[in-house]
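Containing mmCIF, C-alpha atoms, pLDDT in the B column; chains and numbers go by the auth columns: coords11.cif.
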```cif
data_run
#
loop_
_atom_site.group_PDB
_atom_site.id
_atom_site.type_symbol
_atom_site.label_atom_id
_atom_site.label_comp_id
_atom_site.label_asym_id
_atom_site.label_seq_id
_atom_site.Cartn_x
_atom_site.Cartn_y
_atom_site.Cartn_z
_atom_site.B_iso_or_equiv
_atom_site.auth_seq_id
_atom_site.auth_asym_id
ATOM 1 C CA THR A 1 27.463 -24.622 4.483 47.00 11 A
ATOM 2 C CA THR A 2 23.812 -24.641 3.388 52.00 12 A
ATOM 3 C CA SER A 3 21.972 -22.000 1.375 57.00 13 A
ATOM 4 C CA GLY A 4 18.279 -21.418 0.752 62.00 14 A
ATOM 5 C CA ASN A 5 15.896 -18.849 -0.714 65.00 15 A
ATOM 6 C CA ILE A 6 12.474 -17.628 0.337 68.00 16 A
ATOM 7 C CA VAL A 7 10.308 -15.519 -1.979 65.00 17 A
ATOM 8 C CA ILE A 8 7.243 -13.698 -0.598 66.00 18 A
ATOM 9 C CA THR A 9 4.873 -12.426 -3.321 68.00 19 A
ATOM 10 C CA PRO A 10 1.516 -11.026 -2.113 71.00 20 A
ATOM 11 C CA VAL A 11 -1.634 -11.394 -4.217 83.00 21 A
ATOM 12 C CA PRO A 12 -3.043 -8.080 -5.563 92.00 22 A
ATOM 13 C CA SER A 13 -6.351 -6.903 -4.124 96.00 23 A
ATOM 14 C CA ILE A 14 -8.799 -4.064 -4.775 98.00 24 A
ATOM 15 C CA ILE A 15 -7.381 -0.916 -3.178 98.00 25 A
ATOM 16 C CA TYR A 16 -9.852 1.558 -4.744 98.00 26 A
ATOM 17 C CA GLN A 17 -13.347 1.029 -6.146 98.00 27 A
ATOM 18 C CA HIS A 18 -15.928 3.783 -6.683 98.00 28 A
ATOM 19 C CA ASN A 19 -19.514 3.148 -7.823 97.00 29 A
ATOM 20 C CA PHE A 20 -20.442 6.881 -7.610 97.00 30 A
ATOM 21 C CA GLY A 21 -23.514 6.184 -5.512 96.00 31 A
ATOM 22 C CA THR A 22 -27.159 6.745 -6.311 95.00 32 A
ATOM 23 C CA SER A 23 -27.546 10.506 -5.720 93.00 33 A
ATOM 24 C CA ALA A 24 -27.275 13.114 -8.467 93.00 34 A
ATOM 25 C CA ILE A 25 -23.683 14.366 -8.846 93.00 35 A
ATOM 26 C CA THR A 26 -23.846 18.150 -8.602 86.00 36 A
ATOM 27 C CA ARG A 27 -20.428 19.229 -7.255 92.00 37 A
ATOM 28 C CA HIS A 28 -17.081 19.669 -8.954 94.00 38 A
ATOM 29 C CA PRO A 29 -14.702 18.329 -7.900 96.00 39 A
ATOM 30 C CA TYR A 30 -16.534 15.192 -6.812 97.00 40 A
ATOM 31 C CA SER A 31 -15.028 14.305 -3.440 97.00 41 A
ATOM 32 C CA VAL A 32 -17.434 11.713 -2.022 97.00 42 A
ATOM 33 C CA SER A 33 -15.366 8.848 -0.622 97.00 43 A
ATOM 34 C CA PRO A 34 -15.869 5.406 -2.213 98.00 44 A
ATOM 35 C CA ASN A 35 -16.753 4.215 1.312 96.00 45 A
ATOM 36 C CA ALA A 36 -19.551 6.786 1.681 96.00 46 A
ATOM 37 C CA THR A 37 -21.910 5.645 -1.093 95.00 47 A
ATOM 38 C CA PRO A 38 -25.152 3.820 -0.137 95.00 48 A
ATOM 39 C CA THR A 39 -23.591 0.555 -1.289 95.00 49 A
ATOM 40 C CA PRO A 40 -20.041 1.170 -0.072 96.00 50 A
ATOM 41 C CA GLY A 41 -17.184 0.806 -2.503 97.00 51 A
ATOM 42 C CA ILE A 42 -13.605 0.184 -1.422 97.00 52 A
ATOM 43 C CA LEU A 43 -10.921 2.580 -0.233 98.00 53 A
ATOM 44 C CA ASN A 44 -7.920 0.982 1.419 98.00 54 A
ATOM 45 C CA SER A 45 -7.561 2.130 5.026 97.00 55 A
ATOM 46 C CA HIS A 46 -4.206 3.787 4.221 98.00 56 A
ATOM 47 C CA LEU A 47 -5.666 5.882 1.381 98.00 57 A
ATOM 48 C CA SER A 48 -7.754 9.053 1.731 98.00 58 A
ATOM 49 C CA SER A 49 -9.038 12.247 0.078 98.00 59 A
ATOM 50 C CA SER A 50 -10.504 10.760 -3.102 98.00 60 A
ATOM 51 C CA SER A 51 -11.354 13.543 -5.549 98.00 61 A
ATOM 52 C CA TRP A 52 -12.488 13.556 -9.192 98.00 62 A
ATOM 53 C CA ALA A 53 -12.081 16.651 -11.369 96.00 63 A
ATOM 54 C CA ASN A 54 -11.862 17.541 -15.035 93.00 64 A
ATOM 55 C CA SER A 55 -9.609 20.190 -16.481 91.00 65 A
ATOM 56 C CA GLY A 56 -11.961 21.595 -19.091 79.00 66 A
ATOM 57 C CA SER A 57 -15.074 22.264 -17.041 82.00 67 A
ATOM 58 C CA THR A 58 -16.209 23.381 -13.622 85.00 68 A
ATOM 59 C CA SER A 59 -19.011 20.852 -13.359 90.00 69 A
ATOM 60 C CA TRP A 60 -20.039 17.229 -13.788 93.00 70 A
ATOM 61 C CA ASN A 61 -23.229 15.865 -15.306 91.00 71 A
ATOM 62 C CA SER A 62 -25.222 13.206 -13.503 87.00 72 A
ATOM 63 C CA PHE A 63 -26.252 10.341 -15.787 93.00 73 A
ATOM 64 C CA SER A 64 -27.113 6.737 -15.026 94.00 74 A
ATOM 65 C CA GLY A 65 -24.275 4.233 -14.877 95.00 75 A
ATOM 66 C CA SER A 66 -23.967 0.455 -14.810 94.00 76 A
ATOM 67 C CA SER A 67 -26.108 0.814 -11.683 91.00 77 A
ATOM 68 C CA GLY A 68 -26.970 4.004 -9.855 93.00 78 A
ATOM 69 C CA GLN A 69 -25.093 7.099 -10.980 95.00 79 A
ATOM 70 C CA ALA A 70 -22.097 7.530 -13.285 96.00 80 A
ATOM 71 C CA LEU A 71 -19.526 10.297 -13.404 95.00 81 A
ATOM 72 C CA ALA A 72 -20.393 12.061 -16.653 93.00 82 A
ATOM 73 C CA LEU A 73 -19.760 15.069 -18.851 91.00 83 A
ATOM 74 C CA SER A 74 -21.667 16.407 -21.859 88.00 84 A
ATOM 75 C CA PRO A 75 -20.323 17.733 -24.121 84.00 85 A
ATOM 76 C CA PHE A 76 -16.662 16.840 -23.662 82.00 86 A
ATOM 77 C CA SER A 77 -13.407 17.311 -25.591 79.00 87 A
ATOM 78 C CA SER A 78 -9.718 16.402 -25.549 78.00 88 A
ATOM 79 C CA SER A 79 -9.169 19.268 -23.105 77.00 89 A
ATOM 80 C CA ASN A 80 -11.442 17.521 -20.588 84.00 90 A
ATOM 81 C CA VAL A 81 -8.793 15.407 -18.867 93.00 91 A
ATOM 82 C CA TRP A 82 -10.501 13.557 -15.996 95.00 92 A
ATOM 83 C CA THR A 83 -8.302 13.176 -12.931 97.00 93 A
ATOM 84 C CA LEU A 84 -8.675 11.095 -9.802 98.00 94 A
ATOM 85 C CA THR A 85 -6.401 12.059 -6.933 98.00 95 A
ATOM 86 C CA PHE A 86 -5.991 10.389 -3.560 98.00 96 A
ATOM 87 C CA ASP A 87 -3.433 10.523 -0.768 98.00 97 A
ATOM 88 C CA VAL A 88 -1.254 7.713 0.547 98.00 98 A
ATOM 89 C CA ALA A 89 -0.688 7.729 4.312 97.00 99 A
ATOM 90 C CA ASN A 90 2.774 8.625 5.577 96.00 100 A
ATOM 91 C CA GLY A 91 5.001 5.580 5.822 94.00 101 A
ATOM 92 C CA TYR A 92 3.094 3.626 3.160 96.00 102 A
ATOM 93 C CA LYS A 93 3.524 3.054 -0.564 97.00 103 A
ATOM 94 C CA VAL A 94 1.225 1.906 -3.370 97.00 104 A
ATOM 95 C CA ASP A 95 1.803 -0.473 -6.264 97.00 105 A
ATOM 96 C CA ILE A 96 -0.934 -0.692 -8.931 98.00 106 A
ATOM 97 C CA SER A 97 -1.028 -3.838 -11.039 98.00 107 A
ATOM 98 C CA SER A 98 -4.349 -3.639 -12.923 98.00 108 A
ATOM 99 C CA PHE A 99 -7.544 -1.627 -13.288 98.00 109 A
ATOM 100 C CA SER A 100 -11.043 -1.673 -14.742 98.00 110 A
ATOM 101 C CA PHE A 101 -14.018 0.612 -15.250 98.00 111 A
ATOM 102 C CA TRP A 102 -17.400 0.717 -16.958 97.00 112 A
ATOM 103 C CA ARG A 103 -17.666 3.321 -19.722 94.00 113 A
ATOM 104 C CA GLN A 104 -20.254 4.629 -22.136 92.00 114 A
ATOM 105 C CA SER A 105 -20.258 7.240 -24.857 88.00 115 A
ATOM 106 C CA SER A 106 -22.873 8.416 -27.300 82.00 116 A
ATOM 107 C CA ALA A 107 -20.213 8.209 -30.052 78.00 117 A
ATOM 108 C CA THR A 108 -18.443 4.852 -30.418 74.00 118 A
ATOM 109 C CA THR A 109 -15.592 6.465 -32.359 74.00 119 A
ATOM 110 C CA ASN A 110 -14.311 7.874 -29.061 84.00 120 A
ATOM 111 C CA ASN A 111 -11.385 6.269 -27.229 90.00 121 A
ATOM 112 C CA TRP A 112 -9.535 6.619 -23.923 94.00 122 A
ATOM 113 C CA SER A 113 -6.014 6.454 -22.522 96.00 123 A
ATOM 114 C CA MET A 114 -4.914 6.438 -18.895 98.00 124 A
ATOM 115 C CA THR A 115 -1.838 7.411 -16.905 98.00 125 A
ATOM 116 C CA ILE A 116 -0.961 7.052 -13.226 98.00 126 A
ATOM 117 C CA ASN A 117 1.482 9.670 -11.968 98.00 127 A
ATOM 118 C CA GLY A 118 2.439 10.288 -15.589 97.00 128 A
ATOM 119 C CA ILE A 119 3.069 6.597 -16.357 98.00 129 A
ATOM 120 C CA ALA A 120 1.071 5.259 -19.321 98.00 130 A
ATOM 121 C CA VAL A 121 -0.923 2.243 -18.120 98.00 131 A
ATOM 122 C CA GLY A 122 -3.495 1.503 -20.818 98.00 132 A
ATOM 123 C CA SER A 123 -5.837 2.638 -23.584 96.00 133 A
ATOM 124 C CA GLY A 124 -8.901 1.378 -25.379 95.00 134 A
ATOM 125 C CA THR A 125 -12.134 2.048 -27.176 90.00 135 A
ATOM 126 C CA ILE A 126 -15.473 3.245 -25.827 89.00 136 A
ATOM 127 C CA PRO A 127 -18.443 1.131 -26.874 86.00 137 A
ATOM 128 C CA SER A 128 -22.036 2.230 -26.509 85.00 138 A
ATOM 129 C CA THR A 129 -21.838 0.625 -23.056 88.00 139 A
ATOM 130 C CA GLY A 130 -19.739 -1.938 -21.177 92.00 140 A
ATOM 131 C CA SER A 131 -16.770 -2.664 -18.906 96.00 141 A
ATOM 132 C CA THR A 132 -13.128 -2.666 -19.920 96.00 142 A
ATOM 133 C CA GLY A 133 -12.646 -5.901 -18.014 96.00 143 A
ATOM 134 C CA THR A 134 -9.574 -6.160 -15.812 97.00 144 A
ATOM 135 C CA LEU A 135 -6.544 -4.742 -17.649 98.00 145 A
ATOM 136 C CA ASN A 136 -2.968 -5.185 -16.455 98.00 146 A
ATOM 137 C CA VAL A 137 -0.980 -1.947 -16.435 98.00 147 A
ATOM 138 C CA SER A 138 1.181 -1.654 -19.545 98.00 148 A
ATOM 139 C CA ASN A 139 4.074 -0.174 -17.550 98.00 149 A
ATOM 140 C CA ALA A 140 5.077 -0.859 -13.948 97.00 150 A
ATOM 141 C CA VAL A 141 3.485 1.433 -11.349 98.00 151 A
ATOM 142 C CA THR A 142 5.305 0.945 -8.052 97.00 152 A
ATOM 143 C CA ASN A 143 6.384 2.713 -4.869 96.00 153 A
ATOM 144 C CA LEU A 144 3.876 5.575 -5.134 98.00 154 A
ATOM 145 C CA THR A 145 3.751 7.854 -2.097 97.00 155 A
ATOM 146 C CA GLY A 146 2.100 11.173 -1.254 97.00 156 A
ATOM 147 C CA THR A 147 -0.617 12.177 -3.725 98.00 157 A
ATOM 148 C CA VAL A 148 -1.436 9.754 -6.549 98.00 158 A
ATOM 149 C CA THR A 149 -2.922 11.171 -9.767 98.00 159 A
ATOM 150 C CA VAL A 150 -4.838 9.005 -12.224 98.00 160 A
ATOM 151 C CA ALA A 151 -5.618 10.785 -15.510 98.00 161 A
ATOM 152 C CA LEU A 152 -8.114 9.722 -18.200 96.00 162 A
ATOM 153 C CA THR A 153 -7.723 11.424 -21.592 93.00 163 A
ATOM 154 C CA TYR A 154 -10.123 11.018 -24.489 91.00 164 A
ATOM 155 C CA GLY A 155 -9.624 11.024 -28.253 88.00 165 A
ATOM 156 C CA GLY A 156 -11.526 10.308 -31.455 83.00 166 A
ATOM 157 C CA ALA A 157 -14.531 12.210 -32.761 78.00 167 A
ATOM 158 C CA LEU A 158 -15.288 13.416 -29.205 77.00 168 A
ATOM 159 C CA SER A 159 -18.928 14.123 -29.782 76.00 169 A
ATOM 160 C CA GLY A 160 -21.840 13.622 -27.432 81.00 170 A
ATOM 161 C CA SER A 161 -21.410 12.584 -23.814 87.00 171 A
ATOM 162 C CA MET A 162 -18.997 10.466 -21.785 91.00 172 A
ATOM 163 C CA ARG A 163 -19.573 8.608 -18.533 93.00 173 A
ATOM 164 C CA ILE A 164 -17.727 6.108 -16.312 96.00 174 A
ATOM 165 C CA ASP A 165 -18.733 3.909 -13.380 97.00 175 A
ATOM 166 C CA ASP A 166 -17.300 1.180 -11.120 98.00 176 A
ATOM 167 C CA PHE A 167 -13.771 2.582 -11.348 98.00 177 A
ATOM 168 C CA THR A 168 -11.386 0.030 -9.807 98.00 178 A
ATOM 169 C CA LEU A 169 -7.661 -0.099 -9.032 98.00 179 A
ATOM 170 C CA ASN A 170 -5.983 -3.347 -8.002 98.00 180 A
ATOM 171 C CA GLY A 171 -2.607 -3.679 -6.334 98.00 181 A
ATOM 172 C CA PHE A 172 -0.895 -3.379 -2.976 95.00 182 A
ATOM 173 C CA VAL A 173 -0.686 -0.867 -0.154 96.00 183 A
ATOM 174 C CA ALA A 174 2.269 -1.709 2.061 94.00 184 A
ATOM 175 C CA LEU A 175 4.643 -0.182 4.540 93.00 185 A
ATOM 176 C CA ALA A 176 7.373 1.685 2.714 89.00 186 A
ATOM 177 C CA CYS A 177 10.571 -0.106 3.611 70.00 187 A
ATOM 178 C CA THR A 178 14.114 -0.937 2.601 62.00 188 A
ATOM 179 C CA PRO A 179 14.538 -4.681 2.006 58.00 189 A
ATOM 180 C CA PRO A 180 16.844 -6.229 4.607 58.00 190 A
ATOM 181 C CA ALA A 181 20.306 -7.377 3.663 60.00 191 A
ATOM 182 C CA ASP A 182 20.912 -11.099 3.189 58.00 192 A
ATOM 183 C CA PRO A 183 21.465 -12.597 6.640 56.00 193 A
ATOM 184 C CA VAL A 184 24.762 -14.285 7.406 55.00 194 A
ATOM 185 C CA ALA A 185 25.224 -16.859 10.206 52.00 195 A
ATOM 186 C CA THR A 186 22.808 -16.693 13.153 49.00 196 A
ATOM 187 C CA ILE A 187 20.160 -13.959 13.052 52.00 197 A
ATOM 188 C CA SER A 188 17.082 -13.173 15.091 53.00 198 A
ATOM 189 C CA GLY A 189 14.345 -10.589 15.300 53.00 199 A
ATOM 190 C CA SER A 190 11.979 -9.325 12.608 53.00 200 A
ATOM 191 C CA THR A 191 11.868 -6.799 9.792 52.00 201 A
ATOM 192 C CA THR A 192 9.104 -4.821 8.056 53.00 202 A
ATOM 193 C CA ALA A 193 7.560 -6.844 5.240 52.00 203 A
ATOM 194 C CA CYS A 194 8.534 -5.891 1.697 55.00 204 A
ATOM 195 C CA THR A 195 6.790 -7.174 -1.416 52.00 205 A
ATOM 196 C CA SER A 196 8.657 -9.710 -3.572 53.00 206 A
ATOM 197 C CA THR A 197 11.744 -9.734 -1.351 55.00 207 A
ATOM 198 C CA VAL A 198 14.319 -12.478 -1.831 58.00 208 A
ATOM 199 C CA LEU A 199 16.463 -13.392 1.204 57.00 209 A
ATOM 200 C CA THR A 200 19.395 -15.773 0.958 59.00 210 A
ATOM 201 C CA TYR A 201 20.762 -17.318 4.147 57.00 211 A
ATOM 202 C CA THR A 202 24.185 -18.911 4.298 59.00 212 A
ATOM 203 C CA GLY A 203 25.539 -20.382 7.505 61.00 213 A
ATOM 204 C CA ALA A 204 27.031 -23.467 9.080 59.00 214 A
ATOM 205 C CA ASP A 205 24.081 -23.710 11.483 60.00 215 A
ATOM 206 C CA ALA A 206 21.464 -23.954 8.723 58.00 216 A
ATOM 207 C CA ALA A 207 20.213 -27.268 10.108 59.00 217 A
ATOM 208 C CA ASN A 208 18.977 -25.425 13.194 61.00 218 A
ATOM 209 C CA ALA A 209 17.678 -22.312 11.409 61.00 219 A
ATOM 210 C CA TYR A 210 14.212 -21.578 10.050 57.00 220 A
ATOM 211 C CA TRP A 211 12.284 -18.865 8.186 56.00 221 A
ATOM 212 C CA GLN A 212 9.121 -17.359 9.513 56.00 222 A
ATOM 213 C CA SER A 213 6.879 -14.752 7.880 56.00 223 A
ATOM 214 C CA SER A 214 3.831 -13.154 9.453 48.00 224 A
#
```
Representation of the structure as structure tokens:
Amino acid sequence: TTSGNIVITPVPSIIYQHNFGTSAITRHPYSVSPNATPTPGILNSHLSSSSWANSGSTSWNSFSGSSGQALALSPFSSSNVWTLTFDVANGYKVDISSFSFWRQSSATTNNWSMTINGIAVGSGTIPSTGSTGTLNVSNAVTNLTGTVTVALTYGGALSGSMRIDDFTLNGFVALACTPPADPVATISGSTTACTSTVLTYTGADAANAYWQSS
């Protein structure tokens, strides 16, 4: 009897990236797709209905960002929770592993924290200008389906204005599936790919068996 393991671990990629375009932002919520800006951003083909809103106002301000426009509000307060929502296609799921965005505030005592579907994923300061750099999520965000809600909350002195640009989510969009059971003896056929699935094969015919992934 021979046993063996195969581990398939995909590499994260950008699934969402919005640069907020070059035109003045005048509507709330802001529902321009990342793909529809003059220099297209990124929206995975199994995601749709990107929308940005804030809970404490019925408008956005239009200020300059790292390039082009930024999503902005002036003045703003702790009640101004900024939310990004988007939909995941039926039959698919989302894992988010890291994120980044450019941010700027007129008061450097301000700070931010972020959740995804209620899961705390990170927090930080707000300099006069600059990117967060790529930050790994502080808690696992996996198997998201339906509508995904990303929420940015602000704290500190909360004076002046706040703006963000180049908002990016990294991770995976994959078919929602149940990992197959460990095969025993001779098997054939295929199964829907699952991320980080471990299969163990045990059988007397192992010398004539092989693994194939595609």
Looking at all atoms listed in the file, which of A:Asn45, A:Ser33, A:Thr95, A:Ser171 is the one that sits closest to Trp62 (chain A)?
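Of the candidates, the smallest distance to Trp62 (chain A) is held by A:Thr95.
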| Hey, what's within 7 Å of Ser107 (chain A) if we count all atoms listed in the file and toss same-chain stuff fewer than 6 positions away? As a list in words, please? |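 Counting all atoms listed in the file, the residues come to Asn146, Val147, Val151, Asn180 and Gly181 of chain A.
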Evaluate the PyMOL selection byres ((chain A and resi 64) around 10) and report residues as number ranges by chain: A: 38-40, 62-63, 65-70, 83, 86, 89-94, 161-163
Keeping only C-alpha atoms, write the selected residues to a file as a PDB file, keeping the file's coordinate frame.
```pdb
ATOM      1  CA  HIS A  38     -17.081  19.669  -8.954  1.00 94.00           C
ATOM      2  CA  PRO A  39     -14.702  18.329  -7.900  1.00 96.00           C
ATOM      3  CA  TYR A  40     -16.534  15.192  -6.812  1.00 97.00           C
ATOM      4  CA  TRP A  62     -12.488  13.556  -9.192  1.00 98.00           C
ATOM      5  CA  ALA A  63     -12.081  16.651 -11.369  1.00 96.00           C
ATOM      6  CA  SER A  65      -9.609  20.190 -16.481  1.00 91.00           C
ATOM      7  CA  GLY A  66     -11.961  21.595 -19.091  1.00 79.00           C
ATOM      8  CA  SER A  67     -15.074  22.264 -17.041  1.00 82.00           C
ATOM      9  CA  THR A  68     -16.209  23.381 -13.622  1.00 85.00           C
ATOM     10  CA  SER A  69     -19.011  20.852 -13.359  1.00 90.00           C
ATOM     11  CA  TRP A  70     -20.039  17.229 -13.788  1.00 93.00           C
ATOM     12  CA  LEU A  83     -19.760  15.069 -18.851  1.00 91.00           C
ATOM     13  CA  PHE A  86     -16.662  16.840 -23.662  1.00 82.00           C
ATOM     14  CA  SER A  89      -9.169  19.268 -23.105  1.00 77.00           C
ATOM     15  CA  ASN A  90     -11.442  17.521 -20.588  1.00 84.00           C
ATOM     16  CA  VAL A  91      -8.793  15.407 -18.867  1.00 93.00           C
ATOM     17  CA  TRP A  92     -10.501  13.557 -15.996  1.00 95.00           C
ATOM     18  CA  THR A  93      -8.302  13.176 -12.931  1.00 97.00           C
ATOM     19  CA  LEU A  94      -8.675  11.095  -9.802  1.00 98.00           C
ATOM     20  CA  ALA A 161      -5.618  10.785 -15.510  1.00 98.00           C
ATOM     21  CA  LEU A 162      -8.114   9.722 -18.200  1.00 96.00           C
ATOM     22  CA  THR A 163      -7.723  11.424 -21.592  1.00 93.00           C
TER      23      THR A 163
END
```
Applying the PyMOL selection byres ((chain A and resi 55) around 10) to the file I just gave you, which residues come out? Please list them as a PDB file with C-alpha atoms, in the frame of the given file.
```pdb
ATOM      1  CA  ILE A  25      -7.381  -0.916  -3.178  1.00 98.00           C
ATOM      2  CA  ILE A  52     -13.605   0.184  -1.422  1.00 97.00           C
ATOM      3  CA  LEU A  53     -10.921   2.580  -0.233  1.00 98.00           C
ATOM      4  CA  ASN A  54      -7.920   0.982   1.419  1.00 98.00           C
ATOM      5  CA  HIS A  56      -4.206   3.787   4.221  1.00 98.00           C
ATOM      6  CA  LEU A  57      -5.666   5.882   1.381  1.00 98.00           C
ATOM      7  CA  SER A  58      -7.754   9.053   1.731  1.00 98.00           C
ATOM      8  CA  VAL A  98      -1.254   7.713   0.547  1.00 98.00           C
ATOM      9  CA  ALA A  99      -0.688   7.729   4.312  1.00 97.00           C
ATOM     10  CA  VAL A 183      -0.686  -0.867  -0.154  1.00 96.00           C
TER      11      VAL A 183
END
```
| Written as a list in words, which residues does the PyMOL selection byres ((chain A and resi 174) around 7) give for the file shown? |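 That expression, the PyMOL selection byres ((chain A and resi 174) around 7), corresponds here to Gly75, Ala80, Leu81, Ala82, Phe111, Trp112, Arg113, Gln114, Arg173 and Asp175 of chain A.
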Return as JSON the box centre and box size in Å, one decimal, for an axis-aligned box around all listed atoms of region 178-187 of chain A padded by 5 Å per side.
```
{"center_x": -0.4, "center_y": -1.0, "center_z": -2.6, "size_x": 32.0, "size_y": 15.4, "size_z": 24.3}
```
Between A:Gly134, A:Gly140, A:Gly170, A:Pro50, smallest distance to Ser84 (chain A) by all atoms listed in the file belongs to A:Gly170
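Put simply, CA of Thr119 (chain A) is 22.6 Å away from CA of Ser148 (chain A).
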